[in-house]
Amino acid sequence: MAITFKEVTYTYSPGTPFEFQALKNISTKIEDNSVTAVIGHTGSGKSTFLQHLNALLKPTGGTVMIGNTTITSETSNKNLKPLRKKVGIVFQFPENQLFAETVEKDIAFGPENFGSTAEEASKIAKEMITLVGLPESVLSRSPFELSGGQMRRVAIAGVLAMHPEVLVLDEPTAGLDPGGRREIMQLFGDLQKKQKFTIVLVTHQMEDVANYADHVIVMEHGKIVKEGSPRAVFANVEWLHEKQLDVPASTEFAFEMQKRGFQFTRLPLTESELADDIADFFKKRGQTHE
Amino acid sequence: MNKILFGRYIPLDSFVHRMDPRSKLILSFLYVIVIFFANNWWIYLLMAVVAFVSILASKINFKLFVDGVMPLLWIIAFTMVIQILFGTGGQTYWHWGIFSITSVGILNAAYIFVRFTLIILISTLLTLSTSPIQISDALESLLMPLRKIHFPVYEVALMLSIALRFVPSLMDETETIMNAQRARGVDFGTGNIIQRLKKIIPILIPLFVSAFNRAEDLATAMEARGYRGGAGRTKYRLLKWETRDTLATLVYSLMAIGVFALRLL
């Protein structure tokens with residue numbers, strides 16, 4: 001399912017002294033079956049942008065097309081439920097939304113709200129807990145007895161349980177250790193390849209952007225200041241540094257090498273690309289010496 | 001959620017904002033007490049003028065005050081209806097069982113309307129022009145004499161300022177949790193009363209859990225920085241009584257004297 005933004009603006013508390021324009025004239029398209037990464041500073045409008053993806057917020061101006069549904073400022077709050085089933089959002093620190101007595105009930109909460117019977121929902125819960133890499137024995141425990149990382153997985157399972165067509169992830173790995181981070185991102189990457197759905201990912205981890213994203217949107221002060229493939233966006237290292245944004249470590253490394261006279265045809269994004277480039281360089285040099 | 005005005009401080013630079021929070025607190029109390037002595041329209045006129053002048057001196061947009069009165073309109077209307085139906089005295093227009101509509105009843109209802117509105121206006125002025133932390137500082141300072149009878153003034157003031165500090169945080173948190181549950185298919189706006197009450201559980205439990213976690217973190221952080229309440233603790237914000245406070249006190253005292261003089265009319 002594709003999502004199209006057309007000249008979208010959003011203003012918080014209009015007409016009061018707290019008025020604040022969080023989105024300014026945003027136009028972009030999130031393609032079907034793609035992974036889109038949204039990067040930018042805190043306060044750049046990323047979270048506001050995300051909440052437009054399933055009509056938790058309605059644009060003050062402009063339109064958002066979610067699949068075949070058009071959302072404008074006039075859209076009524078009723079009948080948005082089918083939309084919420086199609087677009088699942090994993091909010092920042094999703095473990096804060098757990099509430100049920102058992103893990104099973106918490107995961108089943110979403111499907112039940114969308115009309116699954118209790119039996120179907122508990123079947124889905126079993127599938128999901130395995131999917132996020134936790135043993136089935138966890139299902140009967142209270143979510144509050146689990147460790148932080150496990151709670152995060154349960155919360156993610158609760159969103160995946162709705163079988164959304166678009167999965168929106170707001171910093172899904174914030175506050176996790178490097179191992180947990182890799183595992184969670186791996187999980188989403190595998191799912192996306194297997195089940196073919198659209199992912200929108202907000203993150204500060206540029207490695208994750210390089211590894212998983214097809215498309216990158218850079219936001220600043222409520223505007224989209226740049227968008228394109230990760231290669232195109234990360235090509236301009238200096239511009240990103242100016243915006244106080246990072247590039248993947250391998251790109252940074254190559255950029256520093258370039259300053260010292262090393263030639264790259266294009267800046268590498270991942271460690272394996274960087275290793276290949278360096279190996280190629282020495283191979284060529286070896287040939288010229290012969 | 002955006003309509004709730006309580007605890008919403010509008011930072012501006014005005015005569016009222018610069019006043020000592022203690023004098024604002026005392027004068028607001030004085031105003032509320034004095035208004036219960038009002039028994040004719042001249043007094044209400046005088047007090048309304050004082051309220052409007054105070055509001056003007058705060059430079060805060062009047063529309064915000066109207067927004068503050070609106071949510072309480074039902075309570076005012078309810079009190080007025082009770083007053084009209086049960087008030088006795090004067091000319092009787094209608095009578096049925098214990099209910100009667102009389103001229104005195106209607107007059108009292110009108111008084112109550114004006115009285116409520118003015119009380120809300122003046123207390124809204126206090127909360128809009130004084131930050132919560134200033135109010136709790138002022139209370140602490142005003143309650144100080146109670147230490148003589150071993151009333152835990154510092155602790156109460158600390159509790160109050162922590163509670164006030166976390167009102168906006170908890171409201172943000174509620175919003176986030178509501179959004180998360182909405183995204184999981186909860187429709188807060190529909191269903192009968194019981195269904196709606198049930199939908200509150202997925203908000204309340206996470207909210208309680210995070211409030212307790214927050215409280216524990218806060219306690220640890222305070223202890224880690226060596227917090228010790230009680231006597232001998234100096235203050236970063238010092239309260240200072242200035243000429244403008246004396247001036248305001250003078251105006252409000254004159255108003256009080258005027259009210260008691262007008263009562264004799």
# chains A, B, ... in the order shown; residues from 1 in each chain; ligands from 1
>>> interface_residues(of="chain B", to="chain A", cutoff="8 Å", atoms="only C-alpha atoms", output="PyMOL selection string")
chain B and resi 2+10+177+179-187+201-203+205-206+210
>>> write_last_selection(atoms="N, CA and C atoms", output="PDB file, in the first residue's frame")
ATOM      1  N   ASN B   2      -6.571  19.857  24.964  1.00  0.00           N
ATOM      2  CA  ASN B   2      -5.978  21.194  24.813  1.00  0.00           C
ATOM      3  C   ASN B   2      -6.807  22.286  25.464  1.00  0.00           C
ATOM      4  N   ILE B  10       0.893  31.362  31.051  1.00  0.00           N
ATOM      5  CA  ILE B  10       1.209  32.093  29.829  1.00  0.00           C
ATOM      6  C   ILE B  10       2.323  33.085  30.163  1.00  0.00           C
ATOM      7  N   ILE B 177       0.052   7.247  25.018  1.00  0.00           N
ATOM      8  CA  ILE B 177      -0.523   5.920  25.241  1.00  0.00           C
ATOM      9  C   ILE B 177      -1.842   5.794  24.489  1.00  0.00           C
ATOM     10  N   ASN B 179      -2.681   7.278  21.764  1.00  0.00           N
ATOM     11  CA  ASN B 179      -2.351   7.098  20.350  1.00  0.00           C
ATOM     12  C   ASN B 179      -1.935   5.669  20.068  1.00  0.00           C
ATOM     13  N   ALA B 180      -1.101   5.110  20.967  1.00  0.00           N
ATOM     14  CA  ALA B 180      -0.629   3.742  20.762  1.00  0.00           C
ATOM     15  C   ALA B 180      -1.811   2.774  20.770  1.00  0.00           C
ATOM     16  N   GLN B 181      -2.740   2.973  21.715  1.00  0.00           N
ATOM     17  CA  GLN B 181      -3.880   2.054  21.776  1.00  0.00           C
ATOM     18  C   GLN B 181      -4.840   2.303  20.619  1.00  0.00           C
ATOM     19  N   ARG B 182      -4.967   3.562  20.190  1.00  0.00           N
ATOM     20  CA  ARG B 182      -5.782   3.859  19.010  1.00  0.00           C
ATOM     21  C   ARG B 182      -5.225   3.108  17.809  1.00  0.00           C
ATOM     22  N   ALA B 183      -3.877   3.116  17.697  1.00  0.00           N
ATOM     23  CA  ALA B 183      -3.241   2.434  16.580  1.00  0.00           C
ATOM     24  C   ALA B 183      -3.489   0.931  16.659  1.00  0.00           C
ATOM     25  N   ARG B 184      -3.806   0.430  17.881  1.00  0.00           N
ATOM     26  CA  ARG B 184      -4.132  -0.990  18.008  1.00  0.00           C
ATOM     27  C   ARG B 184      -5.640  -1.214  17.941  1.00  0.00           C
ATOM     28  N   GLY B 185      -6.362  -0.225  17.429  1.00  0.00           N
ATOM     29  CA  GLY B 185      -7.769  -0.442  17.119  1.00  0.00           C
ATOM     30  C   GLY B 185      -8.767  -0.030  18.179  1.00  0.00           C
ATOM     31  N   VAL B 186      -8.346   0.687  19.231  1.00  0.00           N
ATOM     32  CA  VAL B 186      -9.316   1.162  20.210  1.00  0.00           C
ATOM     33  C   VAL B 186      -9.962   2.432  19.656  1.00  0.00           C
ATOM     34  N   ASP B 187     -11.306   2.480  19.767  1.00  0.00           N
ATOM     35  CA  ASP B 187     -12.013   3.658  19.281  1.00  0.00           C
ATOM     36  C   ASP B 187     -12.607   4.337  20.504  1.00  0.00           C
ATOM     37  N   ILE B 201      -9.081   1.240  30.740  1.00  0.00           N
ATOM     38  CA  ILE B 201      -8.086   0.360  31.373  1.00  0.00           C
ATOM     39  C   ILE B 201      -6.758   0.338  30.608  1.00  0.00           C
ATOM     40  N   PRO B 202      -6.787   0.147  29.269  1.00  0.00           N
ATOM     41  CA  PRO B 202      -5.499   0.141  28.549  1.00  0.00           C
ATOM     42  C   PRO B 202      -4.755   1.473  28.598  1.00  0.00           C
ATOM     43  N   ILE B 203      -5.404   2.543  29.089  1.00  0.00           N
ATOM     44  CA  ILE B 203      -4.677   3.808  29.266  1.00  0.00           C
ATOM     45  C   ILE B 203      -4.169   3.893  30.692  1.00  0.00           C
ATOM     46  N   ILE B 205      -3.567   1.631  33.148  1.00  0.00           N
ATOM     47  CA  ILE B 205      -2.517   0.748  33.673  1.00  0.00           C
ATOM     48  C   ILE B 205      -1.127   1.191  33.219  1.00  0.00           C
ATOM     49  N   PRO B 206      -0.912   1.398  31.907  1.00  0.00           N
ATOM     50  CA  PRO B 206       0.422   1.873  31.520  1.00  0.00           C
ATOM     51  C   PRO B 206       0.779   3.206  32.175  1.00  0.00           C
ATOM     52  N   SER B 210       4.026   3.785  34.536  1.00  0.00           N
ATOM     53  CA  SER B 210       5.089   4.742  34.221  1.00  0.00           C
ATOM     54  C   SER B 210       5.178   5.821  35.290  1.00  0.00           C
TER      55      SER B 210
END
>>> closest_residue(among="B:Asp67, B:Glu155, B:Glu223, B:Asp137", to="Pro21 of chain B", atoms="only C-alpha atoms")
B:Asp137
>>> residues_around(residues="segment 64-74 of chain A", least_positions_apart="3", cutoff="7 Å", atoms="only C-alpha atoms", output="VMD selection string")
chain A and resid 1 to 6 58 to 61
>>> residues_around(residues="Gly89 of chain B", least_positions_apart="3", cutoff="9 Å", atoms="only C-alpha atoms", output="ChimeraX atom specification")
/B:92,102-105
>>> write_last_selection(atoms="all heavy atoms", output="PDB file, in the first residue's frame")
ATOM      1  N   THR B  92     -44.185  35.475  43.994  1.00  0.00           N
ATOM      2  CA  THR B  92     -44.180  34.112  43.472  1.00  0.00           C
ATOM      3  C   THR B  92     -44.845  34.084  42.098  1.00  0.00           C
ATOM      4  O   THR B  92     -45.965  34.564  41.939  1.00  0.00           O
ATOM      5  CB  THR B  92     -44.922  33.160  44.424  1.00  0.00           C
ATOM      6  OG1 THR B  92     -44.366  33.330  45.734  1.00  0.00           O
ATOM      7  CG2 THR B  92     -44.772  31.720  43.984  1.00  0.00           C
ATOM      8  N   THR B 102     -39.648  32.371  42.188  1.00  0.00           N
ATOM      9  CA  THR B 102     -39.966  33.650  42.825  1.00  0.00           C
ATOM     10  C   THR B 102     -39.000  34.729  42.333  1.00  0.00           C
ATOM     11  O   THR B 102     -37.954  34.420  41.761  1.00  0.00           O
ATOM     12  CB  THR B 102     -39.842  33.552  44.354  1.00  0.00           C
ATOM     13  OG1 THR B 102     -38.474  33.278  44.655  1.00  0.00           O
ATOM     14  CG2 THR B 102     -40.718  32.450  44.927  1.00  0.00           C
ATOM     15  N   SER B 103     -39.350  35.967  42.580  1.00  0.00           N
ATOM     16  CA  SER B 103     -38.484  37.068  42.134  1.00  0.00           C
ATOM     17  C   SER B 103     -37.146  37.014  42.855  1.00  0.00           C
ATOM     18  O   SER B 103     -36.095  37.216  42.255  1.00  0.00           O
ATOM     19  CB  SER B 103     -39.183  38.404  42.362  1.00  0.00           C
ATOM     20  OG  SER B 103     -39.498  38.556  43.729  1.00  0.00           O
ATOM     21  N   VAL B 104     -37.154  36.683  44.147  1.00  0.00           N
ATOM     22  CA  VAL B 104     -35.894  36.620  44.899  1.00  0.00           C
ATOM     23  C   VAL B 104     -35.032  35.461  44.376  1.00  0.00           C
ATOM     24  O   VAL B 104     -33.815  35.600  44.228  1.00  0.00           O
ATOM     25  CB  VAL B 104     -36.171  36.454  46.413  1.00  0.00           C
ATOM     26  CG1 VAL B 104     -34.876  36.178  47.172  1.00  0.00           C
ATOM     27  CG2 VAL B 104     -36.833  37.700  46.949  1.00  0.00           C
ATOM     28  N   GLY B 105     -35.678  34.346  44.053  1.00  0.00           N
ATOM     29  CA  GLY B 105     -34.959  33.205  43.509  1.00  0.00           C
ATOM     30  C   GLY B 105     -34.231  33.575  42.226  1.00  0.00           C
ATOM     31  O   GLY B 105     -33.060  33.249  42.049  1.00  0.00           O
TER      32      GLY B 105
END
>>> closest_atom_pairs(of="segment 223-258 of chain A", to="segment 26-40 of chain A", cutoff="8 Å", atoms="only C-alpha atoms", output="CSV")
residue,atom,partner,partner_atom,distance
A:Lys223,CA,A:Ile26,CA,6.3
A:Ile224,CA,A:Ile26,CA,6.5
A:Leu245,CA,A:Gly40,CA,7.2
>>> closest_residue(among="A:Gln287, A:Ser116, A:Lys259, A:Ala254", to="Ala275 of chain A", atoms="only C-alpha atoms")
A:Ala254
>>> atom_distance(atom1="atom CA of Trp241 of chain B", atom2="atom CA of Phe36 of chain B")
27.8 Å
>>> atom_distance(atom1="atom CA of Asp177 of chain A", atom2="atom CA of Pro230 of chain A")
24.5 Å
>>> select_by_dssp(residues="segment 62-234 of chain A", states="alpha helix (DSSP H)", output="ChimeraX atom specification")
/A:81-86,103-113,118-131,148-160,178-195,206-212,230-234
>>> residues_around(residues="Asp20 of chain B", least_positions_apart="2", cutoff="12 Å", atoms="only C-alpha atoms", output="number ranges by chain")
B: 15-18, 22-27, 126, 129-131, 134-135, 137-139, 141-142, 237-249
>>> decode(residues="segment 91-117 of chain B", atoms="N, CA, C and O atoms", output="short mmCIF file (atom, residue, chain, number, x, y, z; two decimals), in the first residue's frame")
data_model
loop_
_atom_site.label_atom_id
_atom_site.label_comp_id
_atom_site.auth_asym_id
_atom_site.auth_seq_id
_atom_site.Cartn_x
_atom_site.Cartn_y
_atom_site.Cartn_z
N GLN B 91 -42.01 38.01 45.11
CA GLN B 91 -43.23 37.70 44.39
C GLN B 91 -43.15 36.27 43.84
O GLN B 91 -42.11 35.88 43.30
N THR B 92 -44.18 35.47 43.99
CA THR B 92 -44.18 34.11 43.47
C THR B 92 -44.85 34.08 42.10
O THR B 92 -45.97 34.56 41.94
N TYR B 93 -44.12 33.56 41.10
CA TYR B 93 -44.66 33.51 39.73
C TYR B 93 -45.27 32.16 39.43
O TYR B 93 -46.15 32.02 38.60
N TRP B 94 -44.73 31.10 40.07
CA TRP B 94 -45.13 29.74 39.72
C TRP B 94 -44.89 28.87 40.94
O TRP B 94 -43.94 29.06 41.68
N HIS B 95 -45.76 27.91 41.16
CA HIS B 95 -45.62 27.10 42.37
C HIS B 95 -46.10 25.69 42.08
O HIS B 95 -47.16 25.50 41.49
N TRP B 96 -45.32 24.69 42.48
CA TRP B 96 -45.72 23.29 42.29
C TRP B 96 -44.97 22.44 43.28
O TRP B 96 -43.75 22.29 43.19
N GLY B 97 -45.71 21.85 44.25
CA GLY B 97 -45.08 21.04 45.28
C GLY B 97 -44.01 21.84 46.01
O GLY B 97 -44.29 22.94 46.50
N ILE B 98 -42.77 21.29 46.04
CA ILE B 98 -41.71 22.01 46.74
C ILE B 98 -41.04 23.04 45.82
O ILE B 98 -40.21 23.83 46.26
N PHE B 99 -41.38 23.00 44.52
CA PHE B 99 -40.75 23.93 43.60
C PHE B 99 -41.53 25.23 43.52
O PHE B 99 -42.76 25.23 43.54
N SER B 100 -40.80 26.33 43.40
CA SER B 100 -41.49 27.60 43.16
C SER B 100 -40.51 28.55 42.49
O SER B 100 -39.30 28.50 42.74
N ILE B 101 -41.03 29.36 41.61
CA ILE B 101 -40.18 30.38 40.98
C ILE B 101 -40.59 31.72 41.56
O ILE B 101 -41.75 32.13 41.44
N THR B 102 -39.65 32.37 42.19
CA THR B 102 -39.97 33.65 42.83
C THR B 102 -39.00 34.73 42.33
O THR B 102 -37.95 34.42 41.76
N SER B 103 -39.35 35.97 42.58
CA SER B 103 -38.48 37.07 42.13
C SER B 103 -37.15 37.01 42.86
O SER B 103 -36.10 37.22 42.25
N VAL B 104 -37.15 36.68 44.15
CA VAL B 104 -35.89 36.62 44.90
C VAL B 104 -35.03 35.46 44.38
O VAL B 104 -33.82 35.60 44.23
N GLY B 105 -35.68 34.35 44.05
CA GLY B 105 -34.96 33.21 43.51
C GLY B 105 -34.23 33.57 42.23
O GLY B 105 -33.06 33.25 42.05
N ILE B 106 -34.93 34.27 41.35
CA ILE B 106 -34.33 34.66 40.07
C ILE B 106 -33.17 35.63 40.29
O ILE B 106 -32.10 35.49 39.71
N LEU B 107 -33.39 36.58 41.20
CA LEU B 107 -32.34 37.56 41.50
C LEU B 107 -31.10 36.84 42.05
O LEU B 107 -29.98 37.09 41.61
N ASN B 108 -31.34 35.90 42.98
CA ASN B 108 -30.21 35.15 43.55
C ASN B 108 -29.47 34.36 42.48
O ASN B 108 -28.25 34.26 42.52
N ALA B 109 -30.23 33.77 41.55
CA ALA B 109 -29.61 33.01 40.48
C ALA B 109 -28.71 33.93 39.64
O ALA B 109 -27.59 33.56 39.28
N ALA B 110 -29.18 35.12 39.36
CA ALA B 110 -28.37 36.08 38.60
C ALA B 110 -27.12 36.44 39.37
O ALA B 110 -26.01 36.49 38.81
N TYR B 111 -27.27 36.65 40.70
CA TYR B 111 -26.10 36.94 41.54
C TYR B 111 -25.09 35.80 41.44
O TYR B 111 -23.89 36.02 41.29
N ILE B 112 -25.60 34.58 41.56
CA ILE B 112 -24.71 33.42 41.55
C ILE B 112 -23.94 33.34 40.23
O ILE B 112 -22.74 33.08 40.21
N PHE B 113 -24.65 33.63 39.14
CA PHE B 113 -23.98 33.59 37.84
C PHE B 113 -22.80 34.56 37.82
O PHE B 113 -21.68 34.20 37.48
N VAL B 114 -23.06 35.81 38.22
CA VAL B 114 -22.00 36.83 38.21
C VAL B 114 -20.88 36.44 39.17
O VAL B 114 -19.69 36.52 38.83
N ARG B 115 -21.28 35.94 40.35
CA ARG B 115 -20.29 35.62 41.37
C ARG B 115 -19.36 34.51 40.87
O ARG B 115 -18.13 34.64 40.92
N PHE B 116 -19.95 33.42 40.33
CA PHE B 116 -19.15 32.32 39.81
C PHE B 116 -18.21 32.80 38.71
O PHE B 116 -17.02 32.48 38.71
N THR B 117 -18.78 33.55 37.78
CA THR B 117 -17.97 34.00 36.65
C THR B 117 -16.77 34.81 37.13
O THR B 117 -15.64 34.59 36.69
#
